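J.: What follows is protein.pdb, made up of PDB, C-alpha atoms:
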ATOM      1  CA  MET A  23      80.741 135.966 128.430
ATOM      2  CA  LYS A  24      84.067 136.609 126.777
ATOM      3  CA  ILE A  25      84.660 132.849 126.528
ATOM      4  CA  HIS A  26      81.226 132.311 124.939
ATOM      5  CA  ARG A  27      81.900 135.003 122.351
ATOM      6  CA  ARG A  28      85.263 133.445 121.578
ATOM      7  CA  SER A  29      83.672 129.978 121.237
ATOM      8  CA  ILE A  30      81.049 131.327 118.850
ATOM      9  CA  LEU A  31      83.723 133.008 116.739
ATOM     10  CA  GLU A  32      85.785 129.804 116.675
ATOM     11  CA  ALA A  33      82.697 127.758 115.726
ATOM     12  CA  LEU A  34      81.893 130.192 112.914
ATOM     13  CA  LEU A  35      85.494 129.957 111.718
ATOM     14  CA  ILE A  36      85.420 126.130 111.654
ATOM     15  CA  ILE A  37      82.006 126.004 109.925
ATOM     16  CA  THR A  38      83.050 128.590 107.324
ATOM     17  CA  ALA A  39      86.262 126.647 106.684
ATOM     18  CA  ALA A  40      84.204 123.435 106.265
ATOM     19  CA  ILE A  41      81.848 125.129 103.768
ATOM     20  CA  VAL A  42      84.753 126.545 101.737
ATOM     21  CA  LEU A  43      86.694 123.263 101.878
ATOM     22  CA  GLY A  44      83.638 121.148 100.990
ATOM     23  CA  PHE A  45      82.627 123.238  97.997
ATOM     24  CA  ALA A  46      86.240 123.688  96.796
ATOM     25  CA  TYR A  47      86.878 119.935  96.957
ATOM     26  CA  THR A  48      83.672 118.971  95.133
ATOM     27  CA  PHE A  49      84.315 121.704  92.541
ATOM     28  CA  VAL A  50      87.843 120.458  91.828
ATOM     29  CA  THR A  51      86.816 116.780  91.744
ATOM     30  CA  LYS A  52      83.542 117.500  89.890
ATOM     31  CA  GLN A  53      81.437 115.692  92.484
ATOM     32  CA  GLY A  54      78.330 116.524  94.505
ATOM     33  CA  PHE A  55      76.867 119.868  93.356
ATOM     34  CA  PHE A  56      79.334 120.047  90.490
ATOM     35  CA  SER A  57      78.740 116.511  89.211
ATOM     36  CA  SER A  58      76.774 116.034  86.025
ATOM     37  CA  GLU A  59      74.995 113.045  87.545
ATOM     38  CA  ASP A  60      74.719 111.085  90.760
ATOM     39  CA  THR A  61      73.735 107.509  91.544
ATOM     40  CA  ALA A  62      70.023 108.158  91.915
ATOM     41  CA  ILE A  63      69.835 110.321  88.806
ATOM     42  CA  SER A  64      71.924 107.914  86.731
ATOM     43  CA  ALA A  65      69.430 105.164  87.505
ATOM     44  CA  VAL A  66      66.775 107.284  85.804
ATOM     45  CA  ASN A  67      69.034 108.407  82.959
ATOM     46  CA  THR A  68      69.888 104.860  81.944
ATOM     47  CA  ASN A  69      66.162 104.065  81.568
ATOM     48  CA  MET A  70      66.514 101.339  84.135
ATOM     49  CA  GLU A  71      63.097  99.838  84.730
ATOM     50  CA  MET A  72      61.820  99.701  88.303
ATOM     51  CA  ILE A  73      59.370  96.785  88.528
ATOM     52  CA  SER A  74      56.613  96.138  91.027
ATOM     53  CA  LEU A  75      56.034  93.002  93.098
ATOM     54  CA  GLU A  76      53.348  91.801  90.647
ATOM     55  CA  LYS A  77      55.676  92.219  87.673
ATOM     56  CA  ALA A  78      58.514  90.522  89.558
ATOM     57  CA  LYS A  79      56.206  87.579  90.389
ATOM     58  CA  GLU A  80      55.083  87.342  86.754
ATOM     59  CA  LEU A  81      58.688  87.241  85.495
ATOM     60  CA  HIS A  82      59.598  84.731  88.192
ATOM     61  CA  GLU A  83      56.803  82.376  87.139
ATOM     62  CA  SER A  84      57.667  82.683  83.444
ATOM     63  CA  HIS A  85      61.320  81.681  84.147
ATOM     64  CA  ASP A  86      62.366  84.275  81.589
ATOM     65  CA  ALA A  87      64.410  86.346  83.985
ATOM     66  CA  LEU A  88      67.387  85.776  86.236
ATOM     67  CA  PHE A  89      66.944  87.158  89.743
ATOM     68  CA  ILE A  90      70.128  88.598  91.272
ATOM     69  CA  ASP A  91      70.397  89.228  95.008
ATOM     70  CA  SER A  92      72.826  92.100  95.705
ATOM     71  CA  ARG A  93      72.936  91.694  99.491
ATOM     72  CA  HIS A  94      75.858  90.236 101.434
ATOM     73  CA  ASP A  95      76.345  86.489 101.124
ATOM     74  CA  TYR A  96      75.375  85.823 104.764
ATOM     75  CA  GLU A  97      72.027  87.589 104.202
ATOM     76  CA  TYR A  98      71.556  85.592 100.986
ATOM     77  CA  LYS A  99      72.241  82.353 102.867
ATOM     78  CA  MET A 100      69.612  83.264 105.468
ATOM     79  CA  GLY A 101      66.960  83.411 102.759
ATOM     80  CA  HIS A 102      66.514  84.580  99.171
ATOM     81  CA  ILE A 103      64.057  84.562  96.274
ATOM     82  CA  HIS A 104      63.743  81.039  94.845
ATOM     83  CA  GLY A 105      66.241  80.490  92.037
ATOM     84  CA  SER A 106      68.097  83.749  92.549
ATOM     85  CA  ILE A 107      71.880  84.013  92.494
ATOM     86  CA  ASN A 108      74.002  86.176  94.771
ATOM     87  CA  ILE A 109      76.313  88.833  93.314
ATOM     88  CA  THR A 110      77.548  91.594  95.596
ATOM     89  CA  LEU A 111      79.025  94.927  94.568
ATOM     90  CA  ASN A 112      82.484  93.832  95.706
ATOM     91  CA  GLU A 113      82.294  90.566  93.774
ATOM     92  CA  ILE A 114      81.356  92.245  90.525
ATOM     93  CA  ASP A 115      84.491  94.389  90.760
ATOM     94  CA  THR A 116      86.853  91.563  91.580
ATOM     95  CA  ASN A 117      85.293  88.545  89.913
ATOM     96  CA  SER A 118      83.371  89.068  86.706
ATOM     97  CA  ILE A 119      83.875  85.424  85.614
ATOM     98  CA  MET A 120      80.486  84.480  87.088
ATOM     99  CA  LEU A 121      78.812  86.809  84.578
ATOM    100  CA  GLU A 122      80.471  85.268  81.529
ATOM    101  CA  ASP A 123      77.791  82.570  81.145
ATOM    102  CA  ILE A 124      74.907  85.044  81.251
ATOM    103  CA  PRO A 125      73.725  86.272  77.826
ATOM    104  CA  LYS A 126      73.849  90.065  77.543
ATOM    105  CA  GLU A 127      70.173  90.242  76.502
ATOM    106  CA  LYS A 128      68.934  88.115  79.412
ATOM    107  CA  ALA A 129      66.407  89.910  81.641
ATOM    108  CA  LEU A 130      68.113  90.523  84.965
ATOM    109  CA  ILE A 131      66.038  91.424  88.019
ATOM    110  CA  ILE A 132      68.189  92.988  90.709
ATOM    111  CA  TYR A 133      66.976  93.232  94.285
ATOM    112  CA  CYS A 134      68.349  93.884  97.750
ATOM    113  CA  ASP A 135      66.694  94.044 101.151
ATOM    114  CA  GLY A 136      63.914  96.447 100.273
ATOM    115  CA  ALA A 137      63.091  99.945  99.132
ATOM    116  CA  GLU A 138      65.467 101.493 101.658
ATOM    117  CA  CYS A 139      68.665  99.921 100.354
ATOM    118  CA  ASN A 140      70.460 101.050  97.247
ATOM    119  CA  SER A 141      72.922  98.250  96.487
ATOM    120  CA  SER A 142      70.472  96.991  93.822
ATOM    121  CA  ILE A 143      70.729 100.336  91.973
ATOM    122  CA  GLU A 144      74.505 100.377  92.193
ATOM    123  CA  LEU A 145      74.795  96.755  91.038
ATOM    124  CA  ALA A 146      72.380  97.405  88.170
ATOM    125  CA  LEU A 147      74.466 100.398  87.038
ATOM    126  CA  LYS A 148      77.581  98.195  87.054
ATOM    127  CA  LEU A 149      75.790  95.540  84.983
ATOM    128  CA  ILE A 150      74.737  98.177  82.445
ATOM    129  CA  GLU A 151      78.374  99.287  82.266
ATOM    130  CA  LEU A 152      79.194  95.644  81.482
ATOM    131  CA  LYS A 153      76.813  95.872  78.470
ATOM    132  CA  PHE A 154      73.839  93.983  79.879
ATOM    133  CA  ILE A 155      70.869  95.534  78.096
ATOM    134  CA  ASN A 156      67.849  94.251  79.999
ATOM    135  CA  VAL A 157      68.403  95.183  83.629
ATOM    136  CA  LYS A 158      65.452  95.806  85.947
ATOM    137  CA  ILE A 159      65.237  96.640  89.631
ATOM    138  CA  PHE A 160      62.716  95.036  91.948
ATOM    139  CA  PHE A 161      62.509  97.833  94.511
ATOM    140  CA  GLY A 162      60.370  95.993  97.047
ATOM    141  CA  GLY A 163      63.192  93.471  97.372
ATOM    142  CA  TRP A 164      63.495  90.559  99.748
ATOM    143  CA  GLN A 165      61.253  92.071 102.436
ATOM    144  CA  GLU A 166      58.246  92.542 100.138
ATOM    145  CA  TRP A 167      58.708  89.153  98.472
ATOM    146  CA  LYS A 168      58.976  87.355 101.823
ATOM    147  CA  THR A 169      55.975  89.202 103.284
ATOM    148  CA  HIS A 170      53.784  87.871 100.451
ATOM    149  CA  ASN A 171      54.937  84.279 101.037
ATOM    150  CA  TYR A 172      56.217  83.902  97.495
ATOM    151  CA  PRO A 173      58.706  81.072  96.767
ATOM    152  CA  VAL A 174      61.948  81.349  98.665
ATOM    153  CA  ASP A 175      65.057  79.254  99.230
ATOM    154  CA  TYR A 176      67.072  78.946 102.438
TER     155      TYR A 176
ATOM    156  CA  MET B 120      88.053 110.600 140.731
ATOM    157  CA  LYS B 121      88.527 114.250 139.799
ATOM    158  CA  SER B 122      92.265 113.782 139.309
ATOM    159  CA  PHE B 123      91.503 110.776 137.085
ATOM    160  CA  LEU B 124      89.126 112.801 134.882
ATOM    161  CA  THR B 125      91.614 115.673 134.576
ATOM    162  CA  ASN B 126      94.648 113.461 133.918
ATOM    163  CA  PRO B 127      96.356 115.168 130.918
ATOM    164  CA  ILE B 128      97.476 111.874 129.360
ATOM    165  CA  LEU B 129      93.948 110.471 129.546
ATOM    166  CA  ILE B 130      92.522 113.670 128.077
ATOM    167  CA  LEU B 131      95.047 113.514 125.236
ATOM    168  CA  LEU B 132      94.038 109.892 124.615
ATOM    169  CA  VAL B 133      90.317 110.788 124.521
ATOM    170  CA  ARG B 134      91.038 113.783 122.260
ATOM    171  CA  VAL B 135      93.008 111.676 119.769
ATOM    172  CA  THR B 136      90.518 108.771 119.861
ATOM    173  CA  LEU B 137      87.426 110.899 119.288
ATOM    174  CA  GLY B 138      89.269 113.007 116.709
ATOM    175  CA  ALA B 139      90.488 109.917 114.847
ATOM    176  CA  ILE B 140      86.959 108.456 114.761
ATOM    177  CA  PHE B 141      85.686 111.616 113.083
ATOM    178  CA  VAL B 142      88.612 111.869 110.661
ATOM    179  CA  ILE B 143      88.176 108.217 109.628
ATOM    180  CA  SER B 144      84.383 108.565 109.297
ATOM    181  CA  SER B 145      84.830 111.595 107.037
ATOM    182  CA  LEU B 146      87.151 109.869 104.553
ATOM    183  CA  ASP B 147      84.606 107.552 102.894
ATOM    184  CA  LYS B 148      82.101 110.407 102.612
ATOM    185  CA  ILE B 149      84.721 112.699 101.066
ATOM    186  CA  ALA B 150      85.734 109.966  98.621
ATOM    187  CA  ASP B 151      82.166 109.449  97.373
ATOM    188  CA  PRO B 152      79.781 112.387  97.956
ATOM    189  CA  ALA B 153      77.170 110.850  95.619
ATOM    190  CA  ALA B 154      76.941 107.678  97.718
ATOM    191  CA  PHE B 155      76.753 109.764 100.899
ATOM    192  CA  THR B 156      73.924 111.803  99.327
ATOM    193  CA  VAL B 157      72.011 108.550  98.757
ATOM    194  CA  SER B 158      72.673 107.535 102.396
ATOM    195  CA  ILE B 159      71.195 110.860 103.575
ATOM    196  CA  LEU B 160      68.202 110.541 101.228
ATOM    197  CA  ASN B 161      67.521 107.070 102.668
ATOM    198  CA  TYR B 162      66.547 108.717 105.975
ATOM    199  CA  LYS B 163      63.659 110.401 104.099
ATOM    200  CA  VAL B 164      64.024 113.626 106.057
ATOM    201  CA  VAL B 165      65.461 116.043 103.486
ATOM    202  CA  GLY B 166      65.182 116.509  99.730
ATOM    203  CA  GLN B 167      67.841 116.146  97.038
ATOM    204  CA  LEU B 168      69.153 119.739  97.328
ATOM    205  CA  LEU B 169      69.653 119.694 101.098
ATOM    206  CA  ALA B 170      71.069 116.160 100.954
ATOM    207  CA  THR B 171      73.657 117.192  98.352
ATOM    208  CA  MET B 172      74.529 120.303 100.360
ATOM    209  CA  THR B 173      74.918 118.222 103.548
ATOM    210  CA  ALA B 174      77.046 115.670 101.682
ATOM    211  CA  THR B 175      79.282 118.538 100.551
ATOM    212  CA  ILE B 176      79.753 120.297 103.899
ATOM    213  CA  LEU B 177      79.344 117.641 106.629
ATOM    214  CA  PRO B 178      82.382 115.461 105.727
ATOM    215  CA  ALA B 179      84.618 118.562 105.682
ATOM    216  CA  LEU B 180      83.195 119.636 109.048
ATOM    217  CA  GLU B 181      83.843 116.168 110.504
ATOM    218  CA  LEU B 182      87.391 116.214 109.127
ATOM    219  CA  LEU B 183      88.173 119.688 110.508
ATOM    220  CA  CYS B 184      86.687 118.971 113.943
ATOM    221  CA  GLY B 185      88.505 115.607 114.103
ATOM    222  CA  LEU B 186      91.806 117.238 113.172
ATOM    223  CA  GLY B 187      90.995 120.060 115.604
ATOM    224  CA  LEU B 188      90.787 117.564 118.450
ATOM    225  CA  ILE B 189      93.876 115.595 117.432
ATOM    226  CA  LEU B 190      96.070 118.645 116.868
ATOM    227  CA  GLY B 191      94.529 120.668 119.658
ATOM    228  CA  LEU B 192      93.386 123.467 117.359
ATOM    229  CA  TYR B 193      90.327 124.984 119.071
ATOM    230  CA  PRO B 194      89.722 121.659 120.895
ATOM    231  CA  ARG B 195      86.845 122.908 123.048
ATOM    232  CA  THR B 196      84.905 124.313 120.078
ATOM    233  CA  SER B 197      85.676 121.191 118.009
ATOM    234  CA  ALA B 198      84.306 119.030 120.835
ATOM    235  CA  LEU B 199      81.189 121.213 121.043
ATOM    236  CA  ILE B 200      80.488 120.906 117.289
ATOM    237  CA  ILE B 201      81.114 117.134 117.445
ATOM    238  CA  ILE B 202      78.608 116.796 120.304
ATOM    239  CA  LEU B 203      75.996 118.769 118.336
ATOM    240  CA  MET B 204      76.588 116.609 115.233
ATOM    241  CA  LEU B 205      76.298 113.409 117.292
ATOM    242  CA  ILE B 206      73.023 114.588 118.859
ATOM    243  CA  VAL B 207      71.585 115.265 115.383
ATOM    244  CA  PHE B 208      72.820 111.871 114.077
ATOM    245  CA  THR B 209      71.299 110.071 117.068
ATOM    246  CA  VAL B 210      67.938 111.806 116.678
ATOM    247  CA  LEU B 211      67.924 110.869 112.969
ATOM    248  CA  ILE B 212      68.732 107.221 113.731
ATOM    249  CA  ILE B 213      66.002 107.005 116.396
ATOM    250  CA  SER B 214      63.527 108.663 114.034
ATOM    251  CA  ALA B 215      64.436 106.221 111.222
ATOM    252  CA  LEU B 216      64.057 103.230 113.561
ATOM    253  CA  LEU B 217      60.673 104.472 114.760
ATOM    254  CA  ARG B 218      59.549 104.768 111.136
ATOM    255  CA  GLY B 219      60.663 101.182 110.501
ATOM    256  CA  LEU B 220      63.424 102.062 108.041
ATOM    257  CA  ASP B 221      65.991  99.310 107.500
ATOM    258  CA  ILE B 222      68.902 101.404 106.257
ATOM    259  CA  SER B 223      72.636 101.649 106.703
ATOM    260  CA  CYS B 224      73.653 104.624 108.841
ATOM    261  CA  GLY B 225      76.179 106.023 106.329
ATOM    262  CA  CYS B 226      78.511 106.721 109.254
ATOM    263  CA  PHE B 227      81.793 105.074 108.316
ATOM    264  CA  SER B 228      81.112 103.314 105.043
ATOM    265  CA  GLN B 229      78.763 104.180 102.220
ATOM    266  CA  ASP B 230      78.294 100.485 101.425
ATOM    267  CA  PRO B 231      74.499 100.152 101.733
ATOM    268  CA  ASN B 232      74.802  96.680 103.234
ATOM    269  CA  VAL B 233      77.017  97.478 106.225
ATOM    270  CA  ASN B 234      76.579  99.531 109.395
ATOM    271  CA  LYS B 235      72.823  99.102 109.631
ATOM    272  CA  ILE B 236      71.154 101.495 112.067
ATOM    273  CA  GLY B 237      70.113 100.026 115.401
ATOM    274  CA  PHE B 238      70.425 100.144 119.156
ATOM    275  CA  ILE B 239      74.205  99.505 119.020
ATOM    276  CA  LYS B 240      74.674 102.547 116.791
ATOM    277  CA  ILE B 241      72.726 104.694 119.270
ATOM    278  CA  LEU B 242      74.899 103.374 122.133
ATOM    279  CA  GLU B 243      78.060 104.184 120.166
ATOM    280  CA  ASN B 244      76.855 107.743 119.631
ATOM    281  CA  VAL B 245      75.891 108.180 123.286
ATOM    282  CA  GLY B 246      79.360 106.949 124.287
ATOM    283  CA  MET B 247      80.986 109.496 121.978
ATOM    284  CA  ILE B 248      78.696 112.263 123.292
ATOM    285  CA  ILE B 249      79.874 111.454 126.842
ATOM    286  CA  LEU B 250      83.516 111.636 125.702
ATOM    287  CA  GLY B 251      82.747 114.968 124.002
ATOM    288  CA  ILE B 252      81.117 116.391 127.151
ATOM    289  CA  TRP B 253      84.147 115.267 129.145
ATOM    290  CA  LEU B 254      86.417 117.219 126.770
ATOM    291  CA  LEU B 255      84.097 120.207 127.029
ATOM    292  CA  CYS B 256      84.407 120.271 130.821
ATOM    293  CA  VAL B 257      88.193 120.031 131.173
ATOM    294  CA  HIS B 258      90.424 123.110 131.261
ATOM    295  CA  ASN B 259      93.828 121.666 130.486
ATOM    296  CA  TYR B 260      94.063 119.961 127.076
ATOM    297  CA  GLY B 261      97.816 119.308 127.352
ATOM    298  CA  ILE B 262      99.804 119.993 124.211
ATOM    299  CA  THR B 263      97.694 121.965 121.707
ATOM    300  CA  LEU B 264      98.414 123.965 118.575
ATOM    301  CA  THR B 265      96.357 126.858 119.961
ATOM    302  CA  GLN B 266      98.885 127.476 122.729
ATOM    303  CA  PHE B 267     101.471 128.372 120.102
ATOM    304  CA  PHE B 268      99.222 131.171 118.800
ATOM    305  CA  PRO B 269      99.987 134.687 120.044
ATOM    306  CA  GLN B 270      97.683 135.452 122.998
ATOM    307  CA  LYS B 271      96.349 138.889 123.906
ATOM    308  CA  LYS B 272      98.073 140.128 127.035
ATOM    309  CA  THR B 273      95.665 140.852 129.864
ATOM    310  CA  LYS B 274      96.216 143.579 132.419
ATOM    311  CA  PRO B 275      97.428 142.203 135.733
ATOM    312  CA  VAL B 276      94.912 142.467 138.514
ATOM    313  CA  ASP B 277      96.047 144.779 141.292
TER     314      ASP B 277
END
Once you've parsed the file, please lay out its structure as structure tokens.
T.:
Amino acid sequence: MKIHRRSILEALLIITAAIVLGFAYTFVTKQGFFSSEDTAISAVNTNMEMISLEKAKELHESHDALFIDSRHDYEYKMGHIHGSINITLNEIDTNSIMLEDIPKEKALIIYCDGAECNSSIELALKLIELKFINVKIFFGGWQEWKTHNYPVDY
Amino acid sequence: MKSFLTNPILILLVRVTLGAIFVISSLDKIADPAAFTVSILNYKVVGQLLATMTATILPALELLCGLGLILGLYPRTSALIIILMLIVFTVLIISALLRGLDISCGCFSQDPNVNKIGFIKILENVGMIILGIWLLCVHNYGITLTQFFPQKKTKPVD
């Protein structure tokens, strides 16, 4: 009984220390609760347009937009939206040369695997930082596109 | 078999390994709480407020429990908290898989394209739970910081 009481007290001590440490760290670094924005909110704040499958298909057929696949290259090689190019989050940090030929006003449609991944949002935010003004996210991504048997490349 | 399971060197090795896994897994979450919040939200179990709160506290808890095991500071309690965390993580992963979510687990890296949830991830967690239970059952942890703390003297039994 004594051991159980001691374990509970130790657990409370560790959890309290974690709460204090977590809040102190995020307060000092202005992150989490103390951040003015986070990734999800910044996507809304930048007026980034989230487009549906129908809209994505329409833009694809008009050839007015450039589709960018933000997944890893091996996923891209296993199948991607017809005509899309592959730019990952790591590549955009280390190699921005590939973006030099793309006009800043070009409509860019960013997608990843599907609604459950967020690399498309993060890549889109990076592109906006790089002064691209017409960035849209196709939230349904590869999974939705493939399911509807729309044009793909392998 | 019993002497193998209570071998102090082996216990120290398990303590340091499990502790190091938790320390390492906490670092990426501590570095980017916003990305970890998104990883939690991807499970579609909690709202923004609870996700942000979890992203604030959980990495610190992982770090403290990991260090607790490595340094031997309250090792039994650290192991107990780690087991409870792993059970919750495993239930969340199974629930996400059953709901057909194709998400990254957010365990070691907040890169949304790596560490996808799956059967392997569940096996990893079960393995760590077994190691945790092992640590919970042993009595001699070898060298620990706790043993340098002043202990209350107990009356000798007549």
J.: How far is it from CA of Arg218 in chain B to CA of Val245 in chain B, in Å with one decimal?
T.: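 CA of Arg218 in chain B sits 20.6 Å away from CA of Val245 in chain B.
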J.: Name the residues that the ChimeraX specification (/B :<10) & /A pulls out of this structure, and write them as an MDAnalysis selection string.
T.: chainID A and resid 28:34 36:49 51 53:55 57 59:62 92:94 97 110:112 134:142 144
J.: Please expand the PyMOL selection byres ((chain B and resi 258) around 12) into the concrete residues it hits in this file, giving the result as an mmCIF file with C-alpha atoms, in the coordinates of the input.
T.:
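Final output, saved to expr18.cif:
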data_model
loop_
_atom_site.group_PDB
_atom_site.id
_atom_site.type_symbol
_atom_site.label_atom_id
_atom_site.label_comp_id
_atom_site.auth_asym_id
_atom_site.auth_seq_id
_atom_site.Cartn_x
_atom_site.Cartn_y
_atom_site.Cartn_z
ATOM 1 C CA LEU B 124 89.126 112.801 134.882
ATOM 2 C CA THR B 125 91.614 115.673 134.576
ATOM 3 C CA ASN B 126 94.648 113.461 133.918
ATOM 4 C CA PRO B 127 96.356 115.168 130.918
ATOM 5 C CA ILE B 130 92.522 113.670 128.077
ATOM 6 C CA PRO B 194 89.722 121.659 120.895
ATOM 7 C CA ARG B 195 86.845 122.908 123.048
ATOM 8 C CA TRP B 253 84.147 115.267 129.145
ATOM 9 C CA LEU B 254 86.417 117.219 126.770
ATOM 10 C CA LEU B 255 84.097 120.207 127.029
ATOM 11 C CA CYS B 256 84.407 120.271 130.821
ATOM 12 C CA VAL B 257 88.193 120.031 131.173
ATOM 13 C CA ASN B 259 93.828 121.666 130.486
ATOM 14 C CA TYR B 260 94.063 119.961 127.076
ATOM 15 C CA GLY B 261 97.816 119.308 127.352
#
J.: Which residue, B:Leu211, B:Val165, B:Met247, B:Ala139, has the smallest gap to Ile189 in chain B when you use all atoms listed in the file?
T.: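 Using all atoms listed in the file, the shortest distance to Ile189 in chain B belongs to B:Ala139.
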J.: Just to confirm, what's the straight-line distance from CA of Ile143 in chain B to CA of Leu217 in chain B in Å (one decimal)?
T.: 28.2 Å
